[in-house]
$ cat run36.tsv   # TSV, C-alpha atoms
chain	number	residue	atom	x	y	z
A	1	MET	CA	105.09	86.67	102.95
A	2	THR	CA	105.15	90.42	103.57
A	3	LEU	CA	107.15	91.61	106.60
A	4	GLU	CA	106.43	89.12	109.42
A	5	GLY	CA	103.16	87.83	107.95
A	6	THR	CA	99.56	88.94	107.68
A	7	ASN	CA	97.91	90.56	110.69
A	8	THR	CA	94.53	89.14	111.70
A	9	TYR	CA	92.14	91.23	113.80
A	10	VAL	CA	89.21	90.22	116.00
A	11	TYR	CA	86.79	93.12	116.48
A	12	GLY	CA	83.59	93.61	118.46
A	13	ALA	CA	81.56	91.06	120.38
A	14	ASP	CA	78.35	88.99	120.47
A	15	PRO	CA	79.31	88.12	117.79
A	16	CYS	CA	82.67	89.52	116.69
A	17	VAL	CA	84.09	89.93	113.22
A	18	VAL	CA	87.43	88.53	112.09
A	19	ILE	CA	89.39	90.66	109.63
A	20	ASP	CA	91.91	89.12	107.18
A	21	PRO	CA	92.43	85.63	108.66
A	22	GLY	CA	95.18	85.03	106.12
A	23	THR	CA	97.13	81.82	106.55
A	24	GLU	CA	95.73	78.30	106.65
A	25	ASP	CA	98.12	77.48	109.51
A	26	VAL	CA	96.16	75.33	111.98
A	27	GLY	CA	97.73	76.91	115.05
A	28	HIS	CA	96.94	80.42	113.84
A	29	LEU	CA	93.33	79.58	113.07
A	30	ASP	CA	92.91	77.87	116.43
A	31	ARG	CA	94.12	81.04	118.15
A	32	VAL	CA	91.66	83.11	116.12
A	33	ARG	CA	88.82	80.78	117.12
A	34	ALA	CA	89.82	80.96	120.77
A	35	ALA	CA	89.98	84.76	120.76
A	36	ALA	CA	86.64	84.94	118.97
A	37	ALA	CA	85.01	82.52	121.42
A	38	GLU	CA	85.82	84.92	124.25
A	39	ARG	CA	83.85	87.56	122.34
A	40	GLY	CA	80.74	85.51	121.65
A	41	GLY	CA	81.87	83.72	118.50
A	42	ILE	CA	82.41	84.77	114.89
A	43	GLY	CA	79.56	86.46	113.05
A	44	THR	CA	81.39	87.42	109.87
A	45	VAL	CA	84.85	87.05	108.36
A	46	LEU	CA	85.80	90.28	106.59
A	47	VAL	CA	88.61	90.51	104.05
A	48	THR	CA	90.18	93.69	102.75
A	49	HIS	CA	91.02	92.27	99.32
A	50	SER	CA	91.35	88.96	97.52
A	51	HIS	CA	95.12	88.40	97.68
A	52	ILE	CA	95.89	84.90	98.92
A	53	ASP	CA	97.86	85.98	101.99
A	54	HIS	CA	94.69	87.64	103.33
A	55	ILE	CA	92.02	85.09	102.43
A	56	SER	CA	93.53	81.59	102.41
A	57	GLY	CA	92.16	80.66	105.85
A	58	ALA	CA	88.95	82.66	105.60
A	59	ASP	CA	86.63	79.77	104.70
A	60	GLN	CA	87.82	77.60	107.61
A	61	LEU	CA	86.32	79.66	110.44
A	62	GLY	CA	82.70	78.58	110.09
A	63	ALA	CA	81.26	82.00	109.27
A	64	PRO	CA	80.27	83.89	106.11
A	65	VAL	CA	83.26	85.43	104.28
A	66	VAL	CA	82.61	88.94	103.01
A	67	LEU	CA	84.64	91.29	100.82
A	68	ALA	CA	82.34	94.24	101.42
A	69	GLU	CA	81.13	96.78	98.92
A	70	ASP	CA	81.71	100.48	99.48
A	71	GLY	CA	79.38	101.78	102.19
A	72	GLU	CA	78.32	98.43	103.59
A	73	GLU	CA	78.38	97.93	107.35
A	74	HIS	CA	79.32	94.70	109.11
A	75	GLY	CA	79.79	94.24	112.83
A	76	GLY	CA	79.96	97.98	113.48
A	77	LEU	CA	82.50	98.62	110.72
A	78	ARG	CA	81.90	100.66	107.57
A	79	ALA	CA	83.56	99.57	104.34
A	80	LEU	CA	85.29	102.18	102.20
A	81	ALA	CA	86.45	101.24	98.70
A	82	THR	CA	90.17	101.98	98.39
A	83	PRO	CA	91.50	100.54	95.12
A	84	GLY	CA	95.15	100.83	94.16
A	85	HIS	CA	97.12	97.97	95.69
A	86	ALA	CA	94.28	95.78	94.40
A	87	ALA	CA	91.24	96.71	92.36
A	88	ASP	CA	88.89	95.17	94.94
A	89	HIS	CA	90.59	96.63	98.03
A	90	VAL	CA	88.46	98.04	100.84
A	91	VAL	CA	89.24	99.27	104.34
A	92	TYR	CA	86.99	98.96	107.38
A	93	LEU	CA	86.31	101.97	109.59
A	94	SER	CA	84.98	102.11	113.15
A	95	ALA	CA	82.90	104.99	114.47
A	96	ASP	CA	85.73	106.01	116.83
A	97	GLY	CA	88.39	106.53	114.16
A	98	VAL	CA	90.06	103.12	113.81
A	99	CYS	CA	90.84	101.93	110.29
A	100	PHE	CA	91.64	98.33	109.41
A	101	CYS	CA	93.56	99.28	106.31
A	102	GLY	CA	94.72	95.99	104.80
A	103	ASP	CA	97.53	96.62	102.32
A	104	LEU	CA	96.58	100.18	101.41
A	105	VAL	CA	99.10	101.38	103.99
A	106	LEU	CA	101.69	99.17	105.70
A	107	GLY	CA	103.12	99.50	109.17
A	108	LEU	CA	106.62	99.44	107.68
A	109	GLY	CA	107.80	100.29	104.18
A	110	SER	CA	105.76	101.13	101.12
A	111	THR	CA	102.78	99.40	99.53
A	112	ILE	CA	103.12	97.73	96.15
A	113	VAL	CA	100.94	99.37	93.50
A	114	PRO	CA	101.11	97.24	90.36
A	115	PRO	CA	100.38	98.72	86.94
A	116	GLY	CA	97.04	98.09	85.27
A	117	GLY	CA	93.80	100.04	85.28
A	118	ASN	CA	95.58	103.28	86.20
A	119	SER	CA	96.09	101.81	89.66
A	120	LEU	CA	98.42	104.54	90.92
A	121	ALA	CA	95.85	107.28	90.33
A	122	ALA	CA	93.30	105.14	92.18
A	123	PHE	CA	95.79	104.57	95.00
A	124	MET	CA	96.42	108.29	95.42
A	125	ASP	CA	92.67	108.94	95.47
A	126	SER	CA	92.26	106.25	98.13
A	127	LEU	CA	94.91	107.84	100.34
A	128	ALA	CA	93.11	111.18	100.02
A	129	LEU	CA	89.85	109.52	101.09
A	130	LEU	CA	91.50	108.28	104.27
A	131	GLN	CA	92.99	111.70	104.96
A	132	ALA	CA	89.45	113.06	105.03
A	133	GLU	CA	88.35	110.52	107.66
A	134	GLY	CA	90.27	112.08	110.57
A	135	LEU	CA	91.63	108.72	111.73
A	136	GLU	CA	93.01	108.03	115.20
A	137	LEU	CA	94.62	104.66	114.51
A	138	MET	CA	95.40	102.49	111.49
A	139	CYS	CA	95.71	98.73	111.81
A	140	PRO	CA	97.50	97.46	108.69
A	141	GLY	CA	97.58	94.01	107.17
A	142	HIS	CA	101.34	93.87	107.67
A	143	GLY	CA	103.59	95.49	110.25
A	144	PRO	CA	102.86	97.43	113.45
A	145	TRP	CA	99.92	99.68	114.15
A	146	ILE	CA	100.12	103.23	112.81
A	147	THR	CA	99.49	105.62	115.70
A	148	ASP	CA	99.85	108.83	113.67
A	149	PRO	CA	97.68	108.24	110.60
A	150	GLU	CA	97.92	111.86	109.43
A	151	ALA	CA	101.71	111.72	109.26
A	152	LYS	CA	101.80	108.27	107.67
A	153	LEU	CA	99.29	109.18	104.96
A	154	ALA	CA	101.21	112.37	104.18
A	155	GLU	CA	104.42	110.33	104.00
A	156	TYR	CA	102.84	107.90	101.53
A	157	ILE	CA	101.48	110.67	99.33
A	158	ASN	CA	104.68	112.71	99.37
A	159	HIS	CA	106.78	109.65	98.56
A	160	ARG	CA	104.80	108.93	95.39
A	161	LEU	CA	104.71	112.59	94.38
A	162	GLU	CA	108.49	112.87	94.77
A	163	ARG	CA	109.01	109.80	92.59
A	164	GLU	CA	106.68	111.34	90.01
A	165	ARG	CA	108.53	114.67	90.15
A	166	ARG	CA	111.87	112.95	89.55
A	167	LEU	CA	110.46	110.79	86.78
A	168	VAL	CA	108.95	113.78	84.99
A	169	ALA	CA	112.25	115.65	85.32
A	170	ALA	CA	114.14	112.77	83.71
A	171	LEU	CA	111.59	112.55	80.90
A	172	ASP	CA	111.80	116.31	80.36
A	173	GLU	CA	115.55	115.93	79.93
A	174	GLY	CA	114.84	113.55	77.03
A	175	GLU	CA	115.51	110.21	78.69
A	176	ASN	CA	113.44	107.54	76.91
A	177	SER	CA	115.01	104.33	78.20
A	178	ARG	CA	113.15	102.42	80.89
A	179	ALA	CA	116.41	101.04	82.26
A	180	ALA	CA	117.94	104.50	82.53
A	181	LEU	CA	114.81	105.96	84.10
A	182	LEU	CA	114.77	103.21	86.70
A	183	ALA	CA	118.44	103.76	87.51
A	184	ALA	CA	117.98	107.53	87.82
A	185	VAL	CA	114.71	107.75	89.73
A	186	TRP	CA	114.88	104.63	91.91
A	187	ASP	CA	118.60	104.97	92.63
A	188	ASP	CA	118.07	104.44	96.36
A	189	VAL	CA	116.50	100.98	95.95
A	190	PRO	CA	118.61	97.88	96.79
A	191	VAL	CA	119.37	95.75	93.77
A	192	GLU	CA	117.26	92.84	95.03
A	193	LEU	CA	114.21	95.13	95.08
A	194	LEU	CA	114.68	96.54	91.58
A	195	PRO	CA	112.04	94.24	90.03
A	196	MET	CA	109.47	95.73	92.41
A	197	ALA	CA	110.76	99.22	91.61
A	198	ALA	CA	110.35	98.50	87.90
A	199	MET	CA	106.72	97.55	88.58
A	200	ALA	CA	106.23	100.81	90.48
A	201	MET	CA	107.76	102.76	87.61
A	202	GLU	CA	105.31	101.20	85.14
A	203	ALA	CA	102.42	102.31	87.36
A	204	HIS	CA	103.82	105.85	87.36
A	205	LEU	CA	104.26	105.82	83.58
A	206	GLU	CA	100.71	104.54	83.14
A	207	LYS	CA	99.41	107.40	85.27
A	208	LEU	CA	101.41	109.98	83.28
A	209	GLU	CA	100.15	108.54	80.00
A	210	ALA	CA	96.53	108.67	81.21
A	211	GLU	CA	97.08	112.33	82.13
A	212	ASP	CA	98.64	113.02	78.70
A	213	ARG	CA	101.96	113.87	80.40
A	214	LEU	CA	104.14	111.20	78.78
A	215	PRO	CA	106.09	113.13	76.14
A	216	PHE	CA	107.20	110.24	73.92
A	217	ALA	CA	107.28	106.47	73.55
A	218	LEU	CA	109.80	104.64	75.69
A	219	VAL	CA	112.27	101.90	74.84
A	220	GLU	CA	113.59	99.19	77.08
$ encode --input "run36.tsv" --output "structure tokens"
Amino acid sequence: MTLEGTNTYVYGADPCVVIDPGTEDVGHLDRVRAAAAERGGIGTVLVTHSHIDHISGADQLGAPVVLAEDGEEHGGLRALATPGHAADHVVYLSADGVCFCGDLVLGLGSTIVPPGGNSLAAFMDSLALLQAEGLELMCPGHGPWITDPEAKLAEYINHRLERERRLVAALDEGENSRAALLAAVWDDVPVELLPMAAMAMEAHLEKLEAEDRLPFALVE
């Protein structure tokens, strides 16, 4: 479970759409059904990506479950492909500047970007796409709403760029040990979160290698 759980959203009316129903908890799903009934019932269940904490209850709401393709529209929301956290990740945008952003951006903390498929480069591109949307509000899959999207997106981008700057500096000094790089660049991370930091470091190293900026092979 991330933060306090997965946020589920009910949007629109006659019928509404449900976004990221998440858990199979009976009480939660009953509350979703009740909220949707007040809006004319559920037309479509939208999911932002296929991670289990976002989709496990999706097929229990009696409506088609859709992980939309880029550019598709459902219930007044436009899908925008935003890979990075997951290869199939999309966000859903309203015409008045609201973004249901799944796990691309969290209400608290930083999103996990696992290595594989140059995911960090894709993640940075996805953040830039959202910057260009002129958003008014972001509704994340975990944590509170983001009322200043411009500042939050800049924070996310600058955080990753600063990690990259420090990693490149350590590599330029000749450090070739993964353990030493992790200790030097992620020195502010609590020990219990170091496995996640090591995953983040691998995504950064993958990006540098793809950009031909990794000066030598690394050891453990």
$ residues_around --input "run36.tsv" --residues "stretch 122-125 of chain A" --least-positions-apart "2" --cutoff "9 Å" --atoms "all atoms listed in the file" --output "list in words"
Thr82, Pro83, Gly84, His85, Ala86, Ala87, Leu104, Val113, Gly117, Asn118, Ser119, Leu120, Leu127, Ala128, Leu129, Leu130, Tyr156, Ile157 and Arg160 of chain A
$ write_last_selection --input "run36.tsv" --atoms "C-alpha atoms" --output "mmCIF file, in the frame of the given file"
data_model
loop_
_atom_site.group_PDB
_atom_site.id
_atom_site.type_symbol
_atom_site.label_atom_id
_atom_site.label_comp_id
_atom_site.auth_asym_id
_atom_site.auth_seq_id
_atom_site.Cartn_x
_atom_site.Cartn_y
_atom_site.Cartn_z
ATOM 1 C CA THR A 82 90.170 101.980 98.390
ATOM 2 C CA PRO A 83 91.500 100.540 95.120
ATOM 3 C CA GLY A 84 95.150 100.830 94.160
ATOM 4 C CA HIS A 85 97.120 97.970 95.690
ATOM 5 C CA ALA A 86 94.280 95.780 94.400
ATOM 6 C CA ALA A 87 91.240 96.710 92.360
ATOM 7 C CA LEU A 104 96.580 100.180 101.410
ATOM 8 C CA VAL A 113 100.940 99.370 93.500
ATOM 9 C CA GLY A 117 93.800 100.040 85.280
ATOM 10 C CA ASN A 118 95.580 103.280 86.200
ATOM 11 C CA SER A 119 96.090 101.810 89.660
ATOM 12 C CA LEU A 120 98.420 104.540 90.920
ATOM 13 C CA LEU A 127 94.910 107.840 100.340
ATOM 14 C CA ALA A 128 93.110 111.180 100.020
ATOM 15 C CA LEU A 129 89.850 109.520 101.090
ATOM 16 C CA LEU A 130 91.500 108.280 104.270
ATOM 17 C CA TYR A 156 102.840 107.900 101.530
ATOM 18 C CA ILE A 157 101.480 110.670 99.330
ATOM 19 C CA ARG A 160 104.800 108.930 95.390
#
$ closest_residue --input "run36.tsv" --among "A:Ala210, A:Cys99, A:Ala58, A:Ala132" --to "A:Ile146" --atoms "only C-alpha atoms"
A:Cys99
$ closest_residue --input "run36.tsv" --among "A:Pro115, A:Pro144, A:Gly5, A:Gly109" --to "A:Ile52" --atoms "only C-alpha atoms"
A:Gly5
$ closest_residue --input "run36.tsv" --among "A:Asp30, A:Glu155, A:Glu24, A:Glu72" --to "A:Gly57" --atoms "all atoms listed in the file"
A:Glu24
$ atom_distance --input "run36.tsv" --atom1 "atom CA of A:Asn7" --atom2 "atom CA of A:His142"
5.6 Å
$ residues_around --input "run36.tsv" --residues "A:Pro114" --least-positions-apart "2" --cutoff "7 Å" --atoms "only C-alpha atoms" --output "VMD selection string"
chain A and resid 85 112 116 119 199 to 200 203
$ closest_residue --input "run36.tsv" --among "A:Asp187, A:Glu136, A:Glu175, A:Leu182" --to "A:Ala217" --atoms "only C-alpha atoms"
A:Glu175
$ atom_distance --input "run36.tsv" --atom1 "atom CA of A:Ala197" --atom2 "atom CA of A:Ala180"
12.7 Å
$ closest_residue --input "run36.tsv" --among "A:Ser126, A:Gln131, A:Gln60, A:Thr48" --to "A:Phe100" --atoms "all atoms listed in the file"
A:Thr48
$ closest_residue --input "run36.tsv" --among "A:Val26, A:Cys16, A:Leu108, A:Cys101" --to "A:His74" --atoms "all atoms listed in the file"
A:Cys16
$ residues_around --input "run36.tsv" --residues "A:Asp14" --least-positions-apart "6" --cutoff "9 Å" --atoms "only C-alpha atoms" --output "list in words"
Arg39, Gly40, Gly41, Ile42 and Gly43 of chain A
$ write_last_selection --input "run36.tsv" --atoms "C-alpha atoms" --output "mmCIF file, in the frame of the given file"
data_model
loop_
_atom_site.group_PDB
_atom_site.id
_atom_site.type_symbol
_atom_site.label_atom_id
_atom_site.label_comp_id
_atom_site.auth_asym_id
_atom_site.auth_seq_id
_atom_site.Cartn_x
_atom_site.Cartn_y
_atom_site.Cartn_z
ATOM 1 C CA ARG A 39 83.850 87.560 122.340
ATOM 2 C CA GLY A 40 80.740 85.510 121.650
ATOM 3 C CA GLY A 41 81.870 83.720 118.500
ATOM 4 C CA ILE A 42 82.410 84.770 114.890
ATOM 5 C CA GLY A 43 79.560 86.460 113.050
#
$ residues_around --input "run36.tsv" --residues "A:Ser94" --least-positions-apart "6" --cutoff "9 Å" --atoms "all atoms listed in the file" --output "JSON, numbers by chain"
{"A": [76, 77, 78, 100]}
$ atom_distance --input "run36.tsv" --atom1 "atom CA of A:Val98" --atom2 "atom CA of A:Leu135"
6.2 Å
$ residues_around --input "run36.tsv" --residues "A:Gly107" --least-positions-apart "4" --cutoff "12 Å" --atoms "all atoms listed in the file" --output "list in words"
Thr2, Leu3, Glu4, Gly5, Thr6, Asn7, Phe100, Cys101, Gly102, Asp103, Thr111, Leu137, Met138, Cys139, Pro140, Gly141, His142, Gly143, Pro144, Trp145, Ile146, Thr147, Asp148, Pro149, Lys152, Leu153 and Tyr156 of chain A
$ decode --input "run36.tsv" --residues "stretch 47-165 of chain A" --atoms "C-alpha atoms" --output "PDB file, in the first residue's frame"
ATOM      1  CA  VAL A  47      -7.565   2.870 -14.902  1.00  0.00           C
ATOM      2  CA  THR A  48      -4.336   4.827 -15.146  1.00  0.00           C
ATOM      3  CA  HIS A  49      -2.094   1.757 -15.327  1.00  0.00           C
ATOM      4  CA  SER A  50      -2.162  -1.961 -14.661  1.00  0.00           C
ATOM      5  CA  HIS A  51      -0.587  -2.127 -11.189  1.00  0.00           C
ATOM      6  CA  ILE A  52      -2.694  -4.255  -8.868  1.00  0.00           C
ATOM      7  CA  ASP A  53      -3.380  -1.509  -6.318  1.00  0.00           C
ATOM      8  CA  HIS A  54      -5.214   0.435  -9.041  1.00  0.00           C
ATOM      9  CA  ILE A  55      -7.134  -2.308 -10.828  1.00  0.00           C
ATOM     10  CA  SER A  56      -7.961  -5.114  -8.378  1.00  0.00           C
ATOM     11  CA  GLY A  57     -11.574  -3.996  -7.855  1.00  0.00           C
ATOM     12  CA  ALA A  58     -12.129  -2.676 -11.366  1.00  0.00           C
ATOM     13  CA  ASP A  59     -14.025  -5.683 -12.746  1.00  0.00           C
ATOM     14  CA  GLN A  60     -16.506  -5.739  -9.835  1.00  0.00           C
ATOM     15  CA  LEU A  61     -18.360  -2.525 -10.670  1.00  0.00           C
ATOM     16  CA  GLY A  62     -20.489  -3.811 -13.534  1.00  0.00           C
ATOM     17  CA  ALA A  63     -19.066  -1.555 -16.242  1.00  0.00           C
ATOM     18  CA  PRO A  64     -16.426  -1.845 -18.977  1.00  0.00           C
ATOM     19  CA  VAL A  65     -12.857  -1.463 -17.675  1.00  0.00           C
ATOM     20  CA  VAL A  66     -10.651   0.663 -19.907  1.00  0.00           C
ATOM     21  CA  LEU A  67      -6.938   1.463 -19.847  1.00  0.00           C
ATOM     22  CA  ALA A  68      -7.192   4.094 -22.549  1.00  0.00           C
ATOM     23  CA  GLU A  69      -4.843   4.688 -25.433  1.00  0.00           C
ATOM     24  CA  ASP A  70      -3.235   8.077 -25.951  1.00  0.00           C
ATOM     25  CA  GLY A  71      -5.782  10.562 -27.286  1.00  0.00           C
ATOM     26  CA  GLU A  72      -8.894   8.546 -26.518  1.00  0.00           C
ATOM     27  CA  GLU A  73     -11.796  10.280 -24.786  1.00  0.00           C
ATOM     28  CA  HIS A  74     -14.068   8.676 -22.204  1.00  0.00           C
ATOM     29  CA  GLY A  75     -16.716  10.445 -20.161  1.00  0.00           C
ATOM     30  CA  GLY A  76     -15.362  13.890 -21.008  1.00  0.00           C
ATOM     31  CA  LEU A  77     -11.768  12.986 -20.156  1.00  0.00           C
ATOM     32  CA  ARG A  78      -8.868  12.835 -22.608  1.00  0.00           C
ATOM     33  CA  ALA A  79      -6.188  10.195 -22.122  1.00  0.00           C
ATOM     34  CA  LEU A  80      -2.543  11.215 -22.377  1.00  0.00           C
ATOM     35  CA  ALA A  81       0.136   8.519 -22.474  1.00  0.00           C
ATOM     36  CA  THR A  82       2.631   9.156 -19.673  1.00  0.00           C
ATOM     37  CA  PRO A  83       5.005   6.182 -19.365  1.00  0.00           C
ATOM     38  CA  GLY A  84       7.718   6.077 -16.729  1.00  0.00           C
ATOM     39  CA  HIS A  85       6.319   4.707 -13.481  1.00  0.00           C
ATOM     40  CA  ALA A  86       4.755   2.020 -15.684  1.00  0.00           C
ATOM     41  CA  ALA A  87       5.079   1.462 -19.412  1.00  0.00           C
ATOM     42  CA  ASP A  88       1.291   1.535 -19.864  1.00  0.00           C
ATOM     43  CA  HIS A  89       0.631   4.584 -17.668  1.00  0.00           C
ATOM     44  CA  VAL A  90      -1.846   7.216 -18.832  1.00  0.00           C
ATOM     45  CA  VAL A  91      -3.384  10.256 -17.178  1.00  0.00           C
ATOM     46  CA  TYR A  92      -6.880  11.612 -17.768  1.00  0.00           C
ATOM     47  CA  LEU A  93      -7.428  15.301 -18.480  1.00  0.00           C
ATOM     48  CA  SER A  94     -10.606  17.365 -18.230  1.00  0.00           C
ATOM     49  CA  ALA A  95     -11.302  20.367 -20.438  1.00  0.00           C
ATOM     50  CA  ASP A  96     -11.057  22.705 -17.429  1.00  0.00           C
ATOM     51  CA  GLY A  97      -7.518  21.754 -16.393  1.00  0.00           C
ATOM     52  CA  VAL A  98      -7.980  18.849 -13.968  1.00  0.00           C
ATOM     53  CA  CYS A  99      -5.599  15.914 -14.317  1.00  0.00           C
ATOM     54  CA  PHE A 100      -6.220  12.501 -12.785  1.00  0.00           C
ATOM     55  CA  CYS A 101      -2.554  11.620 -12.708  1.00  0.00           C
ATOM     56  CA  GLY A 102      -2.395   8.127 -11.219  1.00  0.00           C
ATOM     57  CA  ASP A 103       1.141   7.395 -10.024  1.00  0.00           C
ATOM     58  CA  LEU A 104       2.950   9.741 -12.394  1.00  0.00           C
ATOM     59  CA  VAL A 105       2.961  12.334  -9.603  1.00  0.00           C
ATOM     60  CA  LEU A 106       2.050  11.633  -5.969  1.00  0.00           C
ATOM     61  CA  GLY A 107       0.453  13.958  -3.476  1.00  0.00           C
ATOM     62  CA  LEU A 108       3.311  13.249  -1.070  1.00  0.00           C
ATOM     63  CA  GLY A 109       6.831  12.022  -1.744  1.00  0.00           C
ATOM     64  CA  SER A 110       8.359  10.859  -4.990  1.00  0.00           C
ATOM     65  CA  THR A 111       7.161   8.376  -7.588  1.00  0.00           C
ATOM     66  CA  ILE A 112       8.988   5.101  -8.099  1.00  0.00           C
ATOM     67  CA  VAL A 113      10.518   4.824 -11.567  1.00  0.00           C
ATOM     68  CA  PRO A 114      11.875   1.295 -11.962  1.00  0.00           C
ATOM     69  CA  PRO A 115      14.651   0.527 -14.450  1.00  0.00           C
ATOM     70  CA  GLY A 116      13.816  -1.120 -17.762  1.00  0.00           C
ATOM     71  CA  GLY A 117      13.038   0.305 -21.169  1.00  0.00           C
ATOM     72  CA  ASN A 118      14.802   3.591 -20.364  1.00  0.00           C
ATOM     73  CA  SER A 119      11.894   4.373 -18.058  1.00  0.00           C
ATOM     74  CA  LEU A 120      13.470   7.459 -16.476  1.00  0.00           C
ATOM     75  CA  ALA A 121      13.826   9.234 -19.821  1.00  0.00           C
ATOM     76  CA  ALA A 122      10.179   8.385 -20.544  1.00  0.00           C
ATOM     77  CA  PHE A 123       9.182   9.660 -17.095  1.00  0.00           C
ATOM     78  CA  MET A 124      10.930  12.992 -17.634  1.00  0.00           C
ATOM     79  CA  ASP A 125       9.252  13.345 -21.033  1.00  0.00           C
ATOM     80  CA  SER A 126       5.884  12.623 -19.413  1.00  0.00           C
ATOM     81  CA  LEU A 127       6.403  15.335 -16.800  1.00  0.00           C
ATOM     82  CA  ALA A 128       7.243  17.793 -19.577  1.00  0.00           C
ATOM     83  CA  LEU A 129       4.018  16.859 -21.382  1.00  0.00           C
ATOM     84  CA  LEU A 130       2.012  17.745 -18.288  1.00  0.00           C
ATOM     85  CA  GLN A 131       3.873  21.026 -17.883  1.00  0.00           C
ATOM     86  CA  ALA A 132       2.620  21.987 -21.332  1.00  0.00           C
ATOM     87  CA  GLU A 133      -1.017  21.335 -20.364  1.00  0.00           C
ATOM     88  CA  GLY A 134      -1.395  24.380 -18.087  1.00  0.00           C
ATOM     89  CA  LEU A 135      -3.079  22.351 -15.339  1.00  0.00           C
ATOM     90  CA  GLU A 136      -5.174  23.829 -12.543  1.00  0.00           C
ATOM     91  CA  LEU A 137      -5.406  20.759 -10.312  1.00  0.00           C
ATOM     92  CA  MET A 138      -3.835  17.310 -10.138  1.00  0.00           C
ATOM     93  CA  CYS A 139      -5.647  14.418  -8.487  1.00  0.00           C
ATOM     94  CA  PRO A 140      -3.065  11.697  -7.778  1.00  0.00           C
ATOM     95  CA  GLY A 141      -3.525   8.008  -7.172  1.00  0.00           C
ATOM     96  CA  HIS A 142      -2.005   8.385  -3.710  1.00  0.00           C
ATOM     97  CA  GLY A 143      -1.935  11.303  -1.305  1.00  0.00           C
ATOM     98  CA  PRO A 144      -3.719  14.672  -1.289  1.00  0.00           C
ATOM     99  CA  TRP A 145      -4.701  16.760  -4.274  1.00  0.00           C
ATOM    100  CA  ILE A 146      -1.994  18.928  -5.823  1.00  0.00           C
ATOM    101  CA  THR A 147      -3.289  22.497  -6.005  1.00  0.00           C
ATOM    102  CA  ASP A 148      -0.160  23.995  -7.581  1.00  0.00           C
ATOM    103  CA  PRO A 149       0.655  21.647 -10.466  1.00  0.00           C
ATOM    104  CA  GLU A 150       3.293  23.964 -11.942  1.00  0.00           C
ATOM    105  CA  ALA A 151       5.315  23.961  -8.724  1.00  0.00           C
ATOM    106  CA  LYS A 152       4.908  20.226  -8.134  1.00  0.00           C
ATOM    107  CA  LEU A 153       5.977  19.302 -11.662  1.00  0.00           C
ATOM    108  CA  ALA A 154       9.005  21.583 -11.405  1.00  0.00           C
ATOM    109  CA  GLU A 155       9.851  19.976  -8.057  1.00  0.00           C
ATOM    110  CA  TYR A 156       9.691  16.493  -9.578  1.00  0.00           C
ATOM    111  CA  ILE A 157      11.852  17.444 -12.545  1.00  0.00           C
ATOM    112  CA  ASN A 158      14.422  19.314 -10.485  1.00  0.00           C
ATOM    113  CA  HIS A 159      14.671  16.457  -7.993  1.00  0.00           C
ATOM    114  CA  ARG A 160      15.593  13.960 -10.706  1.00  0.00           C
ATOM    115  CA  LEU A 161      17.970  16.375 -12.414  1.00  0.00           C
ATOM    116  CA  GLU A 162      19.777  17.040  -9.125  1.00  0.00           C
ATOM    117  CA  ARG A 163      20.194  13.307  -8.531  1.00  0.00           C
ATOM    118  CA  GLU A 164      21.551  12.977 -12.061  1.00  0.00           C
ATOM    119  CA  ARG A 165      23.949  15.891 -11.543  1.00  0.00           C
TER     120      ARG A 165
END
